[in-house]
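File shown: upload-v2.txt (compact mmCIF, C-alpha atoms).
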```txt
# COMPACT_ATOMS: atom_id res chain seq x y z
CA MET A 103 -23.83 -25.94 19.91
CA GLY A 104 -20.79 -25.10 22.04
CA ALA A 105 -18.99 -21.75 21.86
CA PRO A 106 -15.93 -23.11 19.96
CA ILE A 107 -18.19 -24.69 17.35
CA ARG A 108 -20.25 -21.50 16.95
CA LEU A 109 -17.05 -19.48 16.54
CA ALA A 110 -15.75 -21.88 13.91
CA ALA A 111 -19.06 -21.70 12.03
CA LEU A 112 -18.98 -17.89 12.15
CA CYS A 113 -15.41 -17.82 10.80
CA ALA A 114 -16.39 -20.16 7.97
CA LEU A 115 -19.36 -17.95 7.11
CA LEU A 116 -17.21 -14.81 7.08
CA ALA A 117 -14.64 -16.52 4.88
CA ALA A 118 -17.37 -17.53 2.42
CA VAL A 119 -18.73 -13.99 2.29
CA CYS A 120 -15.32 -12.38 1.83
CA ALA A 121 -13.98 -14.92 -0.69
CA PRO A 122 -15.56 -13.25 -3.75
CA CYS A 123 -13.75 -10.02 -2.85
CA ARG A 124 -10.33 -11.64 -2.89
CA ALA A 125 -8.27 -12.57 -5.90
CA GLN A 126 -5.16 -14.57 -6.57
CA PRO A 127 -1.93 -12.61 -7.08
CA LEU A 128 -1.04 -11.80 -10.69
CA ARG A 129 2.51 -12.19 -12.00
CA VAL A 130 3.24 -9.49 -14.58
CA ALA A 131 6.27 -8.68 -16.72
CA THR A 132 7.47 -6.25 -19.36
CA LEU A 133 10.02 -6.85 -22.10
CA ASN A 134 11.39 -4.63 -24.85
CA CYS A 135 11.94 -7.15 -27.66
CA GLU A 136 14.29 -4.80 -29.57
CA TRP A 137 13.13 -4.83 -33.17
CA LEU A 138 11.22 -8.11 -33.18
CA MET A 139 9.97 -7.97 -36.76
CA ARG A 140 9.65 -10.75 -39.28
CA PRO A 141 12.13 -10.19 -42.11
CA GLY A 142 10.46 -8.74 -45.18
CA THR A 143 7.58 -7.11 -43.31
CA ALA A 144 6.84 -3.40 -43.26
CA GLY A 145 9.23 -1.60 -40.96
CA SER A 146 11.79 -4.40 -40.93
CA ALA A 147 13.83 -3.06 -43.83
CA GLY A 148 16.43 -0.33 -43.76
CA PRO A 149 19.68 0.17 -41.89
CA GLY A 150 20.15 -1.03 -38.34
CA ILE A 151 22.14 -3.65 -36.50
CA ASP A 152 19.35 -4.86 -34.21
CA ARG A 153 16.82 -6.32 -36.65
CA PRO A 154 16.92 -10.04 -37.58
CA ARG A 155 18.14 -10.23 -41.17
CA ASP A 156 16.65 -13.58 -42.16
CA GLY A 157 14.27 -16.28 -41.01
CA SER A 158 16.95 -18.15 -39.12
CA GLU A 159 17.94 -15.12 -37.04
CA TYR A 160 14.30 -14.28 -36.44
CA ALA A 161 13.51 -17.79 -35.20
CA GLN A 162 16.51 -17.72 -32.88
CA LYS A 163 15.49 -14.32 -31.51
CA VAL A 164 11.97 -15.58 -30.75
CA GLU A 165 13.46 -18.60 -28.99
CA ASN A 166 15.81 -16.44 -26.93
CA LEU A 167 13.13 -13.95 -25.89
CA ALA A 168 10.79 -16.80 -24.96
CA TRP A 169 13.55 -18.21 -22.75
CA LEU A 170 13.82 -14.90 -20.87
CA LEU A 171 10.05 -14.83 -20.36
CA PHE A 172 9.94 -18.47 -19.31
CA ARG A 173 12.37 -17.66 -16.53
CA ALA A 174 10.17 -14.76 -15.41
CA SER A 175 7.05 -16.99 -15.55
CA PRO A 176 4.45 -14.21 -15.94
CA ASP A 177 0.69 -14.53 -16.15
CA LEU A 178 0.73 -11.39 -18.31
CA VAL A 179 3.57 -9.72 -20.21
CA GLY A 180 3.68 -6.41 -22.04
CA LEU A 181 5.87 -6.42 -25.16
CA GLN A 182 7.52 -3.40 -26.80
CA GLU A 183 9.37 -2.91 -30.12
CA ILE A 184 7.26 -5.54 -31.81
CA GLY A 185 5.94 -5.46 -35.35
CA ASP A 186 2.38 -6.78 -35.40
CA MET A 187 0.11 -9.61 -34.28
CA PRO A 188 2.18 -12.34 -36.03
CA GLU A 189 5.25 -11.45 -33.97
CA ALA A 190 3.19 -11.36 -30.78
CA ALA A 191 1.75 -14.75 -31.70
CA ASP A 192 5.23 -16.18 -32.31
CA ILE A 193 6.37 -15.21 -28.80
CA ALA A 194 3.12 -16.25 -27.13
CA GLY A 195 3.06 -19.56 -28.97
CA ARG A 196 6.46 -20.58 -27.63
CA LEU A 197 5.12 -20.06 -24.10
CA GLY A 198 1.62 -21.48 -24.49
CA MET A 199 0.16 -18.00 -24.01
CA ARG A 200 -2.49 -16.03 -25.88
CA PRO A 201 -1.34 -12.98 -27.89
CA PHE A 202 -3.05 -9.58 -27.86
CA PHE A 203 -2.50 -6.71 -30.24
CA VAL A 204 -4.36 -3.49 -31.00
CA GLN A 205 -3.19 -1.61 -34.08
CA GLY A 206 -2.06 1.88 -33.24
CA ARG A 207 -1.11 4.86 -35.33
CA ASP A 208 1.69 4.10 -37.75
CA THR A 209 5.09 5.33 -36.65
CA ALA A 210 8.28 5.96 -38.58
CA THR A 211 9.86 2.83 -37.10
CA GLY A 212 6.91 0.49 -37.61
CA GLN A 213 7.29 -0.63 -34.00
CA ASP A 214 4.29 -1.18 -31.77
CA VAL A 215 3.34 -2.81 -28.47
CA ALA A 216 1.56 -6.08 -27.75
CA ALA A 217 0.87 -8.46 -24.88
CA ALA A 218 0.57 -12.14 -24.05
CA ALA A 219 -1.47 -13.78 -21.30
CA ALA A 220 -1.13 -17.26 -19.85
CA GLY A 221 -4.83 -17.77 -19.09
CA ARG A 222 -4.05 -19.83 -16.02
CA GLY A 223 -5.63 -19.40 -12.61
CA GLU A 224 -8.60 -17.14 -12.11
CA TRP A 225 -7.47 -14.15 -14.22
CA GLY A 226 -8.55 -13.67 -17.82
CA VAL A 227 -8.33 -10.85 -20.36
CA ARG A 228 -11.80 -9.35 -20.77
CA ALA A 229 -11.06 -6.51 -23.21
CA THR A 230 -8.30 -4.67 -25.07
CA ALA A 231 -8.36 -1.08 -26.20
CA ARG A 232 -6.51 2.10 -27.03
CA ILE A 233 -7.33 5.28 -25.15
CA GLY A 234 -8.45 8.21 -27.28
CA CYS A 235 -6.95 10.95 -25.11
CA LEU A 236 -3.58 9.16 -25.14
CA ASP A 237 -3.57 8.44 -28.86
CA ALA A 238 -2.59 11.95 -29.84
CA VAL A 239 0.49 11.85 -27.59
CA ILE A 240 1.52 8.20 -27.15
CA SER A 241 1.35 6.25 -30.41
CA LYS A 242 2.64 3.03 -28.81
CA HIS A 243 0.19 1.96 -26.13
CA MET A 244 -2.63 -0.48 -25.40
CA VAL A 245 -4.78 -1.29 -22.38
CA LEU A 246 -5.83 -4.78 -21.33
CA THR A 247 -8.64 -5.26 -18.81
CA LEU A 248 -8.25 -8.42 -16.77
CA GLY A 249 -11.02 -9.84 -14.64
CA SER A 250 -10.84 -12.52 -11.97
CA SER A 251 -13.48 -15.14 -11.39
CA ARG A 252 -14.01 -13.50 -7.98
CA GLY A 253 -15.02 -10.13 -9.35
CA ARG A 254 -11.72 -8.21 -9.22
CA THR A 255 -10.46 -6.06 -12.12
CA ILE A 256 -6.95 -4.97 -13.07
CA HIS A 257 -6.18 -2.74 -16.05
CA ALA A 258 -2.70 -3.26 -17.55
CA VAL A 259 -1.32 -0.35 -19.58
CA VAL A 260 1.41 -1.41 -22.02
CA VAL A 261 3.45 1.54 -23.27
CA HIS A 262 6.65 2.48 -25.07
CA LEU A 263 7.62 6.12 -24.70
CA LEU A 264 9.97 8.16 -26.87
CA ARG A 265 13.67 8.44 -26.13
CA PRO A 266 14.21 11.84 -24.48
CA VAL A 267 16.99 13.04 -26.76
CA GLY A 268 17.21 16.24 -28.78
CA LEU A 269 13.85 17.57 -29.91
CA SER A 270 12.12 14.48 -28.48
CA ARG A 271 12.98 15.44 -24.90
CA ARG A 272 10.00 17.78 -24.58
CA LYS A 273 7.74 15.25 -26.31
CA HIS A 274 8.84 12.60 -23.81
CA GLN A 275 7.98 14.93 -20.94
CA GLY A 276 4.57 15.50 -22.50
CA GLN A 277 4.01 11.75 -22.82
CA CYS A 278 4.88 11.20 -19.15
CA ALA A 279 2.60 14.04 -18.06
CA GLU A 280 -0.36 12.85 -20.14
CA LEU A 281 0.03 9.23 -19.05
CA ALA A 282 0.27 10.26 -15.39
CA ARG A 283 -2.76 12.55 -15.74
CA TRP A 284 -4.89 9.79 -17.27
CA LEU A 285 -3.79 7.14 -14.77
CA GLY A 286 -4.43 9.45 -11.83
CA TYR A 287 -7.90 10.26 -13.10
CA VAL A 288 -9.12 6.73 -13.89
CA ALA A 289 -7.69 5.36 -10.64
CA SER A 290 -9.60 8.04 -8.71
CA VAL A 291 -12.95 7.29 -10.37
CA ARG A 292 -12.47 3.50 -10.18
CA PRO A 293 -11.00 3.06 -6.69
CA SER A 294 -11.91 -0.63 -6.44
CA GLU A 295 -10.00 -1.52 -9.62
CA GLY A 296 -6.25 -1.95 -9.97
CA PHE A 297 -3.98 -0.33 -12.55
CA VAL A 298 -0.47 -1.39 -13.55
CA VAL A 299 1.89 0.11 -16.11
CA LEU A 300 4.03 -2.37 -18.07
CA GLY A 301 6.41 -0.56 -20.32
CA ASP A 302 9.60 0.94 -21.57
CA LEU A 303 9.41 4.47 -20.20
CA ASN A 304 12.83 5.32 -21.68
CA SER A 305 13.92 6.88 -18.41
CA THR A 306 16.56 5.89 -15.89
CA GLU A 307 15.09 8.26 -13.32
CA ALA A 308 15.08 6.78 -9.82
CA PRO A 309 11.74 5.57 -8.40
CA PRO A 310 9.00 6.74 -8.35
CA GLY A 311 10.20 7.31 -11.91
CA PRO A 312 9.19 9.81 -14.58
CA LEU A 313 5.45 9.51 -13.95
CA GLY A 314 5.78 10.71 -10.35
CA LEU A 315 2.36 9.39 -9.29
CA PRO A 316 1.84 9.84 -5.51
CA GLY A 317 1.27 6.56 -3.71
CA TRP A 318 2.00 4.40 -6.75
CA THR A 319 4.68 1.69 -6.47
CA ASP A 320 7.58 1.44 -8.91
CA ALA A 321 8.79 -2.16 -8.78
CA ALA A 322 12.33 -1.04 -9.66
CA GLY A 323 12.58 0.58 -6.24
CA LEU A 324 11.95 -2.79 -4.57
CA LEU A 325 14.73 -4.72 -6.29
CA ALA A 326 16.92 -6.49 -3.75
CA GLN A 327 20.03 -5.39 -5.64
CA PRO A 328 19.31 -2.33 -7.78
CA PRO A 329 21.21 -2.33 -11.07
CA GLY A 330 24.01 0.08 -11.86
CA ARG A 331 21.40 2.36 -13.35
CA TRP A 332 17.65 2.25 -13.02
CA PRO A 333 16.07 0.17 -15.81
CA LEU A 334 14.25 1.78 -18.69
CA ASP A 335 11.54 -0.85 -18.35
CA ARG A 336 9.18 -0.35 -15.43
CA ILE A 337 6.25 -1.92 -13.62
CA ILE A 338 4.29 0.76 -11.76
CA ALA A 339 1.19 -0.18 -9.75
CA SER A 340 -1.70 1.84 -8.32
CA PRO A 341 -1.88 2.45 -4.55
CA ASN A 342 -4.43 -0.33 -3.97
CA LEU A 343 -2.03 -2.96 -5.36
CA ALA A 344 0.85 -4.45 -3.39
CA VAL A 345 3.97 -5.20 -5.46
CA GLU A 346 6.03 -8.22 -4.43
CA SER A 347 8.94 -10.38 -5.63
CA PRO A 348 10.29 -8.04 -8.31
CA GLY A 349 13.13 -9.30 -10.44
CA LEU A 350 15.16 -8.81 -13.60
CA GLU A 351 15.97 -11.55 -16.11
CA SER A 352 18.94 -10.22 -18.09
CA PRO A 353 19.98 -11.48 -21.52
CA PRO A 354 23.43 -13.11 -21.61
CA LEU A 355 24.96 -10.44 -23.83
CA PRO A 356 28.65 -9.86 -23.09
CA ARG A 357 30.14 -6.40 -23.26
CA GLY A 358 31.05 -5.64 -26.86
CA ALA A 359 28.72 -8.37 -28.22
CA SER A 360 28.88 -8.86 -31.98
CA ASP A 361 26.17 -7.43 -34.21
CA SER A 362 25.01 -10.93 -35.14
CA LEU A 363 24.56 -11.85 -31.46
CA ARG A 364 22.69 -8.63 -30.69
CA ARG A 365 20.26 -9.29 -33.54
CA VAL A 366 19.05 -12.53 -31.90
CA TRP A 367 18.71 -11.11 -28.38
CA THR A 368 17.63 -7.84 -26.78
CA ASP A 369 19.73 -5.52 -24.66
CA HIS A 370 16.80 -4.99 -22.28
CA PRO A 371 16.27 -7.16 -19.19
CA CYS A 372 12.83 -8.59 -18.57
CA MET A 373 11.28 -6.90 -15.52
CA ALA A 374 8.77 -9.01 -13.56
CA ALA A 375 6.79 -8.61 -10.33
CA THR A 376 3.73 -10.00 -8.57
CA VAL A 377 0.79 -7.70 -7.87
CA ARG A 378 -2.17 -8.33 -5.57
CA PHE A 379 -4.86 -6.21 -4.01
CA ARG A 380 -3.82 -4.90 -0.62
CA GLY A 381 -5.57 -6.82 2.12
CA ASP A 382 -5.84 -9.97 0.03
CA PRO A 383 -3.78 -12.97 1.17
CA PRO A 384 -0.41 -13.39 -0.57
```
File written out as structure tokens:
Amino acid sequence: MGAPIRLAALCALLAAVCAPCRAQPLRVATLNCEWLMRPGTAGSAGPGIDRPRDGSEYAQKVENLAWLLFRASPDLVGLQEIGDMPEAADIAGRLGMRPFFVQGRDTATGQDVAAAAAGRGEWGVRATARIGCLDAVISKHMVLTLGSSRGRTIHAVVVHLLRPVGLSRRKHQGQCAELARWLGYVASVRPSEGFVVLGDLNSTEAPPGPLGLPGWTDAAGLLAQPPGRWPLDRIIASPNLAVESPGLESPPLPRGASDSLRRVWTDHPCMAATVRFRGDPP
């Protein structure tokens, strides 16, 4: 066997050995659905201009939100301001995705978080959970554990934090601190696994954002053309994940949009980005 052939065989062997350690990139997104609740369900009643008032408005809102997500084309999306599993299923169904929901502690608004996964490629959702130490501080959160067929693991943390206004300002700071503490800890004890936050952090603070995690990447800071203000909705990835191709899909709401138009859209853009383990091929 000549030297070139031996070298080619060695390269093929190395590629076969290393292949299980590599994983395809994962396209993730986050979208605040702004009061996506089926009319007549718990939490959907009461004053407010943003809730769909009847079945027709609700159906149109689902269609519009699905259009935003279709443009972002995520493998996994975190959803905020959503009512329950039926609403998550309505969104996921329009996109051919699988819905995920873990019931949290009831809140005054009735809002919660959910997720939807495409199930394409090598990534699949292996488990969903709520974290006990976060439950006392962050009522709206869930964690999805995704595994690849090549042995990689990424944990996606879907959150919706309080608005930092009035008496809630200190609570918001506490939520950020507790979330950052937990993320820093689990990332340190599971260094081979990836972690990504998908959520409405209710902060326009410039990257690295309100969590302030050293070495973590805030996708908002990578936008080619940063918006007039930093988005409330963030994708923040652990140091072992590269973040690429971030983008915003904004709803076509004109300034001064009518109440009826706002009820069938959301005033939040959909934030999307691709994550992959550093060292893996793009």
Handout entry: Nearest candidate to A:Ala339 (options A:Gly358, A:Ala279, A:Leu128, A:Gly157; using all atoms listed in the file)
Key = A:Leu128
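Our summary of the geometry notes that atom CA of A:Gly198 is positioned 13.5 Å from atom CA of A:Val164.
Going from atom CA of A:Leu197 over to atom CA of A:Ala168, you cover 6.6 Å.
Coordinates place atom CA of A:Lys163 at a distance of 25.1 Å from atom CA of A:Val299.
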Problem - Shell of 12 Å around A:Asp156, all atoms listed in the file, local chain residues under 5 positions omitted, as a ChimeraX atom specification - result: /A:138-143,146-147,161-163,362,365-366
Considering all atoms listed in the file, give me a table of residues in stretch 255-344 of chain A that are at most 10 Å from stretch 170-190 of chain A, with the closest atom pair and distance in Å for each, as a tab-separated table.
```
residue	atom	partner	partner_atom	distance
A:Ala258	CA	A:Gly180	CA	8.4
A:Val259	CA	A:Gly180	CA	8.2
A:Val260	CA	A:Gly180	CA	5.5
A:Val261	CA	A:Gln182	CA	7.3
A:His262	CA	A:Gln182	CA	6.2
A:Leu263	CA	A:Gln182	CA	9.7
A:Val299	CA	A:Gly180	CA	9.0
A:Leu300	CA	A:Gly180	CA	5.7
A:Gly301	CA	A:Gly180	CA	6.7
A:Asp302	CA	A:Gln182	CA	7.1
A:Asp335	CA	A:Gln182	CA	9.7
A:Ile337	CA	A:Gly180	CA	9.9
```
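Here the selection is built from all atoms listed in the file, and the residues within 10 Å of (-1.9, -17.0, -25.4) turn out to be Asp177, Leu178, Ala190, Ala191, Asp192, Ile193, Ala194, Gly195, Arg196, Leu197, Gly198, Met199, Arg200, Pro201, Phe202, Ala217, Ala218, Ala219, Ala220 and Gly221 of chain A.
Remark: for A:Gly286, the closest of the candidate residues A:Asn304, A:Asn134, A:Thr368, A:Ser340 is A:Ser340 (distances computed over only C-alpha atoms).
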Six-sided padding of 8 Å per side, axis-aligned box over stretch 260-276 of chain A, centre and edges in Å, one decimal, as lines of an AutoDock Vina configuration file:
```
center_x = 9.3
center_y = 8.2
center_z = -25.4
size_x = 31.8
size_y = 35.2
size_z = 25.0
```
Problem - Residue nearest A:Gly296 - candidates A:Pro127, A:Pro356, A:Pro384, A:Pro333, atoms counted: only C-alpha atoms - result: A:Pro127
Practice task
Select, counting all atoms listed in the file, all protein, DNA and RNA residues no farther than 9 Å from (4.6, 10.0, -19.0) in file coordinates, and express the selection as a list in words.
Solution key: Ile240, Leu263, His274, Gln275, Gly276, Gln277, Cys278, Ala279, Glu280, Leu281, Ala282, Arg283, Leu303, Pro312, Leu313 and Gly314 of chain A
